[in-house]
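Text of the file structure-v7.csv, holding CSV, N, CA and C atoms:
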```csv
chain,number,residue,atom,x,y,z
A,12,ALA,N,-7.2,-59.1,-21.5
A,12,ALA,CA,-7.0,-57.9,-20.7
A,12,ALA,C,-7.3,-56.7,-21.5
A,13,ALA,N,-7.9,-55.8,-20.9
A,13,ALA,CA,-8.2,-54.5,-21.6
A,13,ALA,C,-7.0,-53.7,-21.9
A,14,PRO,N,-6.9,-53.0,-23.0
A,14,PRO,CA,-5.7,-52.1,-23.3
A,14,PRO,C,-5.7,-51.0,-22.2
A,15,ALA,N,-4.4,-50.7,-21.9
A,15,ALA,CA,-4.2,-49.6,-20.9
A,15,ALA,C,-4.8,-48.3,-21.4
A,16,ALA,N,-5.4,-47.6,-20.6
A,16,ALA,CA,-6.0,-46.3,-21.0
A,16,ALA,C,-4.8,-45.3,-21.2
A,17,GLN,N,-5.0,-44.5,-22.2
A,17,GLN,CA,-4.0,-43.4,-22.5
A,17,GLN,C,-4.3,-42.3,-21.5
A,18,PRO,N,-3.2,-41.7,-20.9
A,18,PRO,CA,-3.5,-40.6,-20.0
A,18,PRO,C,-4.1,-39.4,-20.8
A,19,ALA,N,-5.0,-38.8,-20.2
A,19,ALA,CA,-5.7,-37.6,-20.8
A,19,ALA,C,-4.7,-36.4,-20.8
A,20,ALA,N,-4.8,-35.6,-21.8
A,20,ALA,CA,-3.9,-34.4,-21.9
A,20,ALA,C,-4.3,-33.5,-20.7
A,21,ALA,N,-3.3,-33.0,-20.1
A,21,ALA,CA,-3.5,-32.1,-18.9
A,21,ALA,C,-4.3,-30.9,-19.4
A,22,ALA,N,-5.3,-30.6,-18.6
A,22,ALA,CA,-6.1,-29.3,-18.9
A,22,ALA,C,-5.3,-28.2,-18.4
A,23,PRO,N,-5.3,-27.1,-19.1
A,23,PRO,CA,-4.6,-25.9,-18.6
A,23,PRO,C,-5.1,-25.5,-17.2
A,24,VAL,N,-4.3,-25.0,-16.4
A,24,VAL,CA,-4.7,-24.6,-15.1
A,24,VAL,C,-5.0,-23.1,-15.1
A,25,ALA,N,-6.2,-22.7,-14.8
A,25,ALA,CA,-6.6,-21.3,-15.0
A,25,ALA,C,-5.8,-20.4,-14.1
A,26,ALA,N,-5.5,-20.8,-12.9
A,26,ALA,CA,-4.7,-19.9,-12.0
A,26,ALA,C,-3.3,-19.7,-12.5
A,27,ALA,N,-2.8,-20.6,-13.3
A,27,ALA,CA,-1.4,-20.4,-13.8
A,27,ALA,C,-1.3,-19.4,-15.0
A,28,LYS,N,-2.4,-19.1,-15.6
A,28,LYS,CA,-2.4,-18.2,-16.7
A,28,LYS,C,-2.1,-16.8,-16.2
A,29,PRO,N,-1.3,-16.0,-16.9
A,29,PRO,CA,-1.1,-14.6,-16.6
A,29,PRO,C,-2.4,-13.9,-17.0
A,30,PRO,N,-2.7,-12.8,-16.3
A,30,PRO,CA,-3.9,-12.0,-16.7
A,30,PRO,C,-3.9,-11.6,-18.2
A,31,ALA,N,-5.0,-11.6,-18.7
A,31,ALA,CA,-5.1,-11.3,-20.1
A,31,ALA,C,-4.7,-9.8,-20.3
A,32,PRO,N,-3.9,-9.5,-21.4
A,32,PRO,CA,-3.4,-8.2,-21.6
A,32,PRO,C,-4.6,-7.1,-21.4
A,33,GLN,N,-5.7,-7.4,-21.9
A,33,GLN,CA,-6.8,-6.5,-21.8
A,33,GLN,C,-7.2,-6.2,-20.4
A,34,ALA,N,-7.2,-7.3,-19.5
A,34,ALA,CA,-7.6,-7.1,-18.1
A,34,ALA,C,-6.5,-6.3,-17.4
A,35,ALA,N,-5.2,-6.5,-17.7
A,35,ALA,CA,-4.2,-5.8,-17.1
A,35,ALA,C,-4.3,-4.3,-17.5
A,36,SER,N,-4.5,-4.1,-18.8
A,36,SER,CA,-4.7,-2.8,-19.3
A,36,SER,C,-5.9,-2.1,-18.7
A,37,SER,N,-7.0,-2.8,-18.5
A,37,SER,CA,-8.2,-2.2,-17.9
A,37,SER,C,-7.9,-1.8,-16.4
A,38,SER,N,-7.1,-2.7,-15.7
A,38,SER,CA,-6.8,-2.4,-14.3
A,38,SER,C,-5.9,-1.1,-14.2
A,39,ALA,N,-4.9,-1.1,-15.1
A,39,ALA,CA,-4.0,0.1,-15.1
A,39,ALA,C,-4.8,1.4,-15.5
A,40,LYS,N,-5.7,1.3,-16.4
A,40,LYS,CA,-6.5,2.5,-16.8
A,40,LYS,C,-7.3,2.9,-15.6
A,41,LEU,N,-8.0,2.0,-15.0
A,41,LEU,CA,-8.8,2.3,-13.8
A,41,LEU,C,-8.0,2.9,-12.7
A,42,ALA,N,-6.8,2.3,-12.5
A,42,ALA,CA,-5.9,2.8,-11.4
A,42,ALA,C,-5.5,4.2,-11.7
A,43,GLU,N,-5.2,4.5,-13.0
A,43,GLU,CA,-4.8,5.9,-13.3
A,43,GLU,C,-5.9,6.9,-13.1
A,44,GLU,N,-7.1,6.5,-13.4
A,44,GLU,CA,-8.3,7.3,-13.2
A,44,GLU,C,-8.5,7.5,-11.7
A,45,ILE,N,-8.3,6.5,-10.9
A,45,ILE,CA,-8.5,6.6,-9.4
A,45,ILE,C,-7.4,7.5,-8.9
A,46,PHE,N,-6.2,7.3,-9.3
A,46,PHE,CA,-5.1,8.2,-8.9
A,46,PHE,C,-5.4,9.6,-9.1
A,47,VAL,N,-5.9,10.0,-10.3
A,47,VAL,CA,-6.2,11.4,-10.6
A,47,VAL,C,-7.4,11.9,-9.8
A,48,SER,N,-8.4,11.1,-9.7
A,48,SER,CA,-9.6,11.5,-9.0
A,48,SER,C,-9.5,11.5,-7.5
A,49,ARG,N,-8.7,10.6,-6.9
A,49,ARG,CA,-8.7,10.5,-5.4
A,49,ARG,C,-7.3,10.9,-4.8
A,50,CYS,N,-6.3,10.4,-5.4
A,50,CYS,CA,-4.9,10.6,-4.8
A,50,CYS,C,-4.3,12.0,-5.0
A,51,VAL,N,-4.5,12.5,-6.2
A,51,VAL,CA,-3.9,13.8,-6.6
A,51,VAL,C,-4.4,14.9,-5.6
A,52,THR,N,-5.6,14.8,-5.2
A,52,THR,CA,-6.2,15.8,-4.3
A,52,THR,C,-5.2,16.1,-3.1
A,53,CYS,N,-4.6,15.1,-2.5
A,53,CYS,CA,-3.7,15.4,-1.4
A,53,CYS,C,-2.3,15.2,-1.8
A,54,HIS,N,-2.0,14.1,-2.5
A,54,HIS,CA,-0.6,13.8,-2.8
A,54,HIS,C,0.0,14.6,-4.0
A,55,GLY,N,-0.9,15.2,-4.8
A,55,GLY,CA,-0.4,16.0,-5.9
A,55,GLY,C,-0.1,15.1,-7.2
A,56,ALA,N,-0.1,15.7,-8.3
A,56,ALA,CA,0.1,15.0,-9.6
A,56,ALA,C,1.4,14.2,-9.6
A,57,GLN,N,2.4,14.8,-9.0
A,57,GLN,CA,3.7,14.1,-9.0
A,57,GLN,C,4.0,13.3,-7.7
A,58,GLY,N,3.0,13.3,-6.9
A,58,GLY,CA,3.1,12.5,-5.6
A,58,GLY,C,3.9,13.2,-4.5
A,59,LYS,N,4.1,14.5,-4.6
A,59,LYS,CA,5.0,15.2,-3.7
A,59,LYS,C,4.3,15.6,-2.4
A,60,GLY,N,3.0,15.2,-2.3
A,60,GLY,CA,2.3,15.6,-1.0
A,60,GLY,C,1.8,17.1,-1.1
A,61,ASP,N,1.7,17.6,-2.3
A,61,ASP,CA,1.4,19.0,-2.4
A,61,ASP,C,0.1,19.3,-3.2
A,62,GLY,N,-0.8,18.4,-3.1
A,62,GLY,CA,-2.1,18.6,-3.8
A,62,GLY,C,-2.9,19.7,-3.1
A,63,PRO,N,-3.9,20.2,-3.8
A,63,PRO,CA,-4.7,21.3,-3.2
A,63,PRO,C,-5.4,20.9,-1.9
A,64,GLY,N,-5.7,19.6,-1.7
A,64,GLY,CA,-6.3,19.2,-0.4
A,64,GLY,C,-5.3,19.0,0.7
A,65,SER,N,-4.0,19.2,0.4
A,65,SER,CA,-3.0,19.0,1.5
A,65,SER,C,-2.9,20.1,2.4
A,66,LEU,N,-3.3,21.3,2.1
A,66,LEU,CA,-3.2,22.5,2.9
A,66,LEU,C,-3.8,22.3,4.3
A,67,GLY,N,-3.1,22.4,5.3
A,67,GLY,CA,-3.6,22.3,6.7
A,67,GLY,C,-3.7,20.9,7.2
A,68,LEU,N,-3.4,19.9,6.4
A,68,LEU,CA,-3.4,18.5,6.9
A,68,LEU,C,-2.3,18.2,7.8
A,69,VAL,N,-2.6,17.7,9.0
A,69,VAL,CA,-1.5,17.3,10.0
A,69,VAL,C,-1.8,15.9,10.4
A,70,PRO,N,-0.8,15.0,10.1
A,70,PRO,CA,0.4,15.3,9.4
A,70,PRO,C,0.1,15.5,7.9
A,71,PRO,N,1.1,16.1,7.2
A,71,PRO,CA,0.9,16.4,5.8
A,71,PRO,C,0.9,15.0,5.0
A,72,PRO,N,0.3,15.0,3.8
A,72,PRO,CA,0.4,13.8,3.0
A,72,PRO,C,1.8,13.4,2.7
A,73,ARG,N,2.0,12.1,2.6
A,73,ARG,CA,3.3,11.5,2.3
A,73,ARG,C,3.8,12.0,0.9
A,74,ASN,N,5.1,12.3,0.9
A,74,ASN,CA,5.7,12.6,-0.4
A,74,ASN,C,6.0,11.2,-1.1
A,75,LEU,N,5.2,10.8,-2.0
A,75,LEU,CA,5.3,9.5,-2.6
A,75,LEU,C,6.5,9.4,-3.6
A,76,SER,N,7.0,10.6,-3.9
A,76,SER,CA,8.1,10.6,-4.9
A,76,SER,C,9.5,10.4,-4.2
A,77,ASP,N,9.5,10.3,-2.9
A,77,ASP,CA,10.7,10.2,-2.1
A,77,ASP,C,11.3,8.7,-2.2
A,78,ALA,N,12.3,8.6,-3.0
A,78,ALA,CA,12.8,7.2,-3.3
A,78,ALA,C,13.4,6.6,-2.0
A,79,THR,N,13.9,7.4,-1.1
A,79,THR,CA,14.5,6.9,0.2
A,79,THR,C,13.4,6.3,1.0
A,80,TRP,N,12.2,7.0,1.1
A,80,TRP,CA,11.1,6.4,1.8
A,80,TRP,C,10.6,5.2,1.1
A,81,GLN,N,10.5,5.2,-0.2
A,81,GLN,CA,9.9,4.1,-1.0
A,81,GLN,C,10.8,2.8,-0.7
A,82,ALA,N,12.1,3.0,-0.5
A,82,ALA,CA,13.0,1.9,-0.3
A,82,ALA,C,12.7,1.2,1.1
A,83,THR,N,12.0,1.9,1.9
A,83,THR,CA,11.7,1.4,3.3
A,83,THR,C,10.4,0.7,3.4
A,84,VAL,N,9.6,0.7,2.4
A,84,VAL,CA,8.2,0.1,2.5
A,84,VAL,C,8.1,-1.0,1.5
A,85,THR,N,7.3,-2.0,1.8
A,85,THR,CA,7.1,-3.1,1.0
A,85,THR,C,5.9,-2.9,0.1
A,86,ASP,N,5.8,-3.7,-1.0
A,86,ASP,CA,4.6,-3.6,-1.8
A,86,ASP,C,3.3,-3.9,-1.0
A,87,ASP,N,3.4,-4.9,-0.1
A,87,ASP,CA,2.3,-5.3,0.7
A,87,ASP,C,1.8,-4.1,1.5
A,88,TYR,N,2.7,-3.4,2.1
A,88,TYR,CA,2.4,-2.2,2.9
A,88,TYR,C,1.7,-1.2,2.0
A,89,LEU,N,2.2,-0.9,0.8
A,89,LEU,CA,1.5,0.1,0.0
A,89,LEU,C,0.1,-0.4,-0.4
A,90,GLU,N,0.0,-1.6,-0.7
A,90,GLU,CA,-1.3,-2.2,-1.1
A,90,GLU,C,-2.3,-2.1,0.0
A,91,LYS,N,-1.8,-2.4,1.2
A,91,LYS,CA,-2.7,-2.3,2.4
A,91,LYS,C,-3.2,-0.9,2.7
A,92,ILE,N,-2.3,0.1,2.6
A,92,ILE,CA,-2.7,1.4,2.9
A,92,ILE,C,-3.6,2.0,1.8
A,93,ILE,N,-3.4,1.5,0.6
A,93,ILE,CA,-4.3,2.0,-0.5
A,93,ILE,C,-5.7,1.5,-0.3
A,94,ALA,N,-5.8,0.2,0.1
A,94,ALA,CA,-7.2,-0.4,0.2
A,94,ALA,C,-7.8,-0.1,1.6
A,95,TYR,N,-7.0,-0.1,2.7
A,95,TYR,CA,-7.5,0.0,4.0
A,95,TYR,C,-7.3,1.3,4.7
A,96,GLY,N,-6.5,2.2,4.1
A,96,GLY,CA,-6.2,3.5,4.7
A,96,GLY,C,-5.1,3.5,5.7
A,97,GLY,N,-4.8,4.7,6.2
A,97,GLY,CA,-3.6,4.9,7.1
A,97,GLY,C,-3.7,4.2,8.4
A,98,ILE,N,-4.9,4.1,9.0
A,98,ILE,CA,-5.1,3.4,10.3
A,98,ILE,C,-4.6,2.0,10.2
A,99,ALA,N,-4.8,1.3,9.0
A,99,ALA,CA,-4.5,-0.1,8.9
A,99,ALA,C,-3.0,-0.3,9.0
A,100,VAL,N,-2.2,0.7,8.9
A,100,VAL,CA,-0.7,0.5,9.0
A,100,VAL,C,-0.1,1.4,10.1
A,101,GLY,N,-1.0,1.8,11.0
A,101,GLY,CA,-0.5,2.7,12.1
A,101,GLY,C,-0.2,4.1,11.7
A,102,LYS,N,-0.8,4.6,10.7
A,102,LYS,CA,-0.5,5.9,10.2
A,102,LYS,C,-1.8,6.8,10.4
A,103,SER,N,-1.8,8.0,9.8
A,103,SER,CA,-2.9,8.9,10.0
A,103,SER,C,-4.2,8.4,9.3
A,104,ALA,N,-5.3,8.7,10.1
A,104,ALA,CA,-6.6,8.5,9.5
A,104,ALA,C,-6.9,9.4,8.4
A,105,GLY,N,-6.1,10.4,8.2
A,105,GLY,CA,-6.3,11.4,7.1
A,105,GLY,C,-6.1,10.7,5.7
A,106,MET,N,-5.4,9.5,5.7
A,106,MET,CA,-5.3,8.7,4.5
A,106,MET,C,-6.5,7.8,4.6
A,107,PRO,N,-7.6,8.1,3.8
A,107,PRO,CA,-8.8,7.3,3.9
A,107,PRO,C,-8.7,5.9,3.2
A,108,PRO,N,-9.5,5.0,3.7
A,108,PRO,CA,-9.6,3.7,3.1
A,108,PRO,C,-10.4,3.8,1.7
A,109,ASN,N,-10.2,2.8,0.9
A,109,ASN,CA,-10.9,2.7,-0.4
A,109,ASN,C,-11.6,1.4,-0.4
A,110,PRO,N,-12.7,1.2,0.4
A,110,PRO,CA,-13.4,-0.1,0.5
A,110,PRO,C,-13.8,-0.7,-0.8
A,111,ASP,N,-14.1,0.2,-1.8
A,111,ASP,CA,-14.5,-0.3,-3.1
A,111,ASP,C,-13.4,-1.0,-3.8
A,112,LEU,N,-12.1,-0.9,-3.4
A,112,LEU,CA,-11.0,-1.5,-4.0
A,112,LEU,C,-10.5,-2.8,-3.3
A,113,MET,N,-11.1,-3.0,-2.1
A,113,MET,CA,-10.6,-4.2,-1.3
A,113,MET,C,-10.7,-5.5,-2.1
A,114,ALA,N,-11.7,-5.7,-2.9
A,114,ALA,CA,-11.8,-6.9,-3.7
A,114,ALA,C,-11.2,-6.8,-5.1
A,115,LYS,N,-10.6,-5.7,-5.4
A,115,LYS,CA,-10.1,-5.5,-6.7
A,115,LYS,C,-8.5,-5.5,-6.7
A,116,LYS,N,-8.0,-6.7,-6.4
A,116,LYS,CA,-6.5,-6.8,-6.2
A,116,LYS,C,-5.7,-6.3,-7.4
A,117,GLU,N,-6.2,-6.5,-8.6
A,117,GLU,CA,-5.4,-6.0,-9.8
A,117,GLU,C,-5.4,-4.5,-9.9
A,118,VAL,N,-6.4,-3.8,-9.5
A,118,VAL,CA,-6.5,-2.4,-9.5
A,118,VAL,C,-5.5,-1.8,-8.4
A,119,VAL,N,-5.6,-2.5,-7.2
A,119,VAL,CA,-4.7,-2.1,-6.1
A,119,VAL,C,-3.3,-2.3,-6.5
A,120,ALA,N,-3.0,-3.4,-7.1
A,120,ALA,CA,-1.6,-3.6,-7.6
A,120,ALA,C,-1.2,-2.6,-8.6
A,121,ALA,N,-2.1,-2.2,-9.5
A,121,ALA,CA,-1.8,-1.2,-10.5
A,121,ALA,C,-1.6,0.2,-9.8
A,122,LEU,N,-2.3,0.5,-8.8
A,122,LEU,CA,-2.1,1.7,-8.0
A,122,LEU,C,-0.8,1.7,-7.3
A,123,ARG,N,-0.4,0.6,-6.7
A,123,ARG,CA,0.9,0.4,-6.1
A,123,ARG,C,2.0,0.7,-7.1
A,124,ALA,N,1.8,0.1,-8.3
A,124,ALA,CA,2.8,0.3,-9.4
A,124,ALA,C,2.9,1.8,-9.8
A,125,LYS,N,1.8,2.5,-9.8
A,125,LYS,CA,1.8,3.9,-10.0
A,125,LYS,C,2.6,4.7,-9.0
A,126,VAL,N,2.3,4.3,-7.7
A,126,VAL,CA,3.1,5.0,-6.6
A,126,VAL,C,4.6,4.7,-6.8
A,127,ARG,N,4.9,3.5,-7.1
A,127,ARG,CA,6.3,3.1,-7.3
A,127,ARG,C,6.9,3.9,-8.4
A,128,SER,N,6.2,4.2,-9.4
A,128,SER,CA,6.7,4.9,-10.6
A,128,SER,C,7.0,6.4,-10.3
A,129,LEU,N,6.5,6.9,-9.2
A,129,LEU,CA,6.7,8.3,-8.8
A,129,LEU,C,8.1,8.5,-8.1
A,130,ALA,N,8.7,7.4,-7.7
A,130,ALA,CA,10.0,7.6,-7.0
A,130,ALA,C,11.0,8.3,-7.8
A,131,LYS,N,11.6,9.3,-7.2
A,131,LYS,CA,12.7,10.1,-7.8
A,131,LYS,C,13.9,10.1,-6.8
A,132,PRO,N,15.1,9.8,-7.3
A,132,PRO,CA,16.3,9.8,-6.4
A,132,PRO,C,16.6,11.2,-5.9
```
Would you mind writing the file out in structure tokens?
Amino acid sequence: AAPAAQPAAAAPVAAAKPPAPQAASSSAKLAEEIFVSRCVTCHGAQGKGDGPGSLGLVPPPRNLSDATWQATVTDDYLEKIIAYGGIAVGKSAGMPPNPDLMAKKEVVAALRAKVRSLAKP
């Protein structure tokens, strides 16, 4: 009889690995650049909805720093509105979609984290 084969060492599963620190850092850096170049225009640097592009917008941009409001929305909601715009969640078309981010889940997650970081009690 042939000797029993030894089980092969399990190969690491790529999906189980956390993102490389460099990739996470890269996503966070890109998210910060996008926040400054796109979001600050209407939401303002502190997310209060008071950016220079907010004047005359009806409805006015969301005050992202409102902790009470933030407690009412899920991460999925924030990520959906970031990528697909206000219409995707039944809100104003004044919040534009970002089609270039739809396939960049890590960047959208980093933008969501940025929005969450703005919450003030």
Task: Spatial neighbours of segment 42-58 of chain A, 6 Å, all atoms listed in the file, chain gap at least 4 places, as a ChimeraX atom specification - done: /A:37-38,62-65,72-76,118,121-122,129
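For the atom pair formed by atom C of Asp87 of chain A and atom CA of Ala114 of chain A, the distance is 14.8 Å, given to one decimal.
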Task: Residue list (alpha helix (DSSP H), DSSP) for segment 29-103 of chain A, as a PyMOL selection string - done: chain A and resi 32-45+51-54+78-81+86-95
Would you save the residues from that selection as a compact mmCIF listing (two decimals), in the coordinates of the input, using N, CA and C atoms?
```txt
# COMPACT_ATOMS: atom_id res chain seq x y z
N PRO A 32 -3.90 -9.50 -21.40
CA PRO A 32 -3.40 -8.20 -21.60
C PRO A 32 -4.60 -7.10 -21.40
N GLN A 33 -5.70 -7.40 -21.90
CA GLN A 33 -6.80 -6.50 -21.80
C GLN A 33 -7.20 -6.20 -20.40
N ALA A 34 -7.20 -7.30 -19.50
CA ALA A 34 -7.60 -7.10 -18.10
C ALA A 34 -6.50 -6.30 -17.40
N ALA A 35 -5.20 -6.50 -17.70
CA ALA A 35 -4.20 -5.80 -17.10
C ALA A 35 -4.30 -4.30 -17.50
N SER A 36 -4.50 -4.10 -18.80
CA SER A 36 -4.70 -2.80 -19.30
C SER A 36 -5.90 -2.10 -18.70
N SER A 37 -7.00 -2.80 -18.50
CA SER A 37 -8.20 -2.20 -17.90
C SER A 37 -7.90 -1.80 -16.40
N SER A 38 -7.10 -2.70 -15.70
CA SER A 38 -6.80 -2.40 -14.30
C SER A 38 -5.90 -1.10 -14.20
N ALA A 39 -4.90 -1.10 -15.10
CA ALA A 39 -4.00 0.10 -15.10
C ALA A 39 -4.80 1.40 -15.50
N LYS A 40 -5.70 1.30 -16.40
CA LYS A 40 -6.50 2.50 -16.80
C LYS A 40 -7.30 2.90 -15.60
N LEU A 41 -8.00 2.00 -15.00
CA LEU A 41 -8.80 2.30 -13.80
C LEU A 41 -8.00 2.90 -12.70
N ALA A 42 -6.80 2.30 -12.50
CA ALA A 42 -5.90 2.80 -11.40
C ALA A 42 -5.50 4.20 -11.70
N GLU A 43 -5.20 4.50 -13.00
CA GLU A 43 -4.80 5.90 -13.30
C GLU A 43 -5.90 6.90 -13.10
N GLU A 44 -7.10 6.50 -13.40
CA GLU A 44 -8.30 7.30 -13.20
C GLU A 44 -8.50 7.50 -11.70
N ILE A 45 -8.30 6.50 -10.90
CA ILE A 45 -8.50 6.60 -9.40
C ILE A 45 -7.40 7.50 -8.90
N VAL A 51 -4.50 12.50 -6.20
CA VAL A 51 -3.90 13.80 -6.60
C VAL A 51 -4.40 14.90 -5.60
N THR A 52 -5.60 14.80 -5.20
CA THR A 52 -6.20 15.80 -4.30
C THR A 52 -5.20 16.10 -3.10
N CYS A 53 -4.60 15.10 -2.50
CA CYS A 53 -3.70 15.40 -1.40
C CYS A 53 -2.30 15.20 -1.80
N HIS A 54 -2.00 14.10 -2.50
CA HIS A 54 -0.60 13.80 -2.80
C HIS A 54 0.00 14.60 -4.00
N ALA A 78 12.30 8.60 -3.00
CA ALA A 78 12.80 7.20 -3.30
C ALA A 78 13.40 6.60 -2.00
N THR A 79 13.90 7.40 -1.10
CA THR A 79 14.50 6.90 0.20
C THR A 79 13.40 6.30 1.00
N TRP A 80 12.20 7.00 1.10
CA TRP A 80 11.10 6.40 1.80
C TRP A 80 10.60 5.20 1.10
N GLN A 81 10.50 5.20 -0.20
CA GLN A 81 9.90 4.10 -1.00
C GLN A 81 10.80 2.80 -0.70
N ASP A 86 5.80 -3.70 -1.00
CA ASP A 86 4.60 -3.60 -1.80
C ASP A 86 3.30 -3.90 -1.00
N ASP A 87 3.40 -4.90 -0.10
CA ASP A 87 2.30 -5.30 0.70
C ASP A 87 1.80 -4.10 1.50
N TYR A 88 2.70 -3.40 2.10
CA TYR A 88 2.40 -2.20 2.90
C TYR A 88 1.70 -1.20 2.00
N LEU A 89 2.20 -0.90 0.80
CA LEU A 89 1.50 0.10 0.00
C LEU A 89 0.10 -0.40 -0.40
N GLU A 90 0.00 -1.60 -0.70
CA GLU A 90 -1.30 -2.20 -1.10
C GLU A 90 -2.30 -2.10 0.00
N LYS A 91 -1.80 -2.40 1.20
CA LYS A 91 -2.70 -2.30 2.40
C LYS A 91 -3.20 -0.90 2.70
N ILE A 92 -2.30 0.10 2.60
CA ILE A 92 -2.70 1.40 2.90
C ILE A 92 -3.60 2.00 1.80
N ILE A 93 -3.40 1.50 0.60
CA ILE A 93 -4.30 2.00 -0.50
C ILE A 93 -5.70 1.50 -0.30
N ALA A 94 -5.80 0.20 0.10
CA ALA A 94 -7.20 -0.40 0.20
C ALA A 94 -7.80 -0.10 1.60
N TYR A 95 -7.00 -0.10 2.70
CA TYR A 95 -7.50 0.00 4.00
C TYR A 95 -7.30 1.30 4.70
```
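Note that the spacing between atom CA of Ala130 of chain A and atom CA of Tyr88 of chain A amounts to 15.9 Å.
Across the model, the gap from atom C of Thr79 of chain A to atom N of Ile93 of chain A is 17.5 Å.
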With 4 Å on each side, where is the centre of the axis-aligned box around all listed atoms of segment 42-49 of chain A, and how long are its edges in Å to one decimal, as JSON?
```
{"center_x": -7.2, "center_y": 7.1, "center_z": -9.1, "size_x": 12.8, "size_y": 17.6, "size_z": 16.6}
```
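All residues of protein, DNA or RNA that reach within 8 Å of Tyr95 of chain A, judged by only C-alpha atoms and not counting those fewer than 6 positions away in the chain, are Pro107, Pro108, Asn109, Pro110 and Met113 of chain A.
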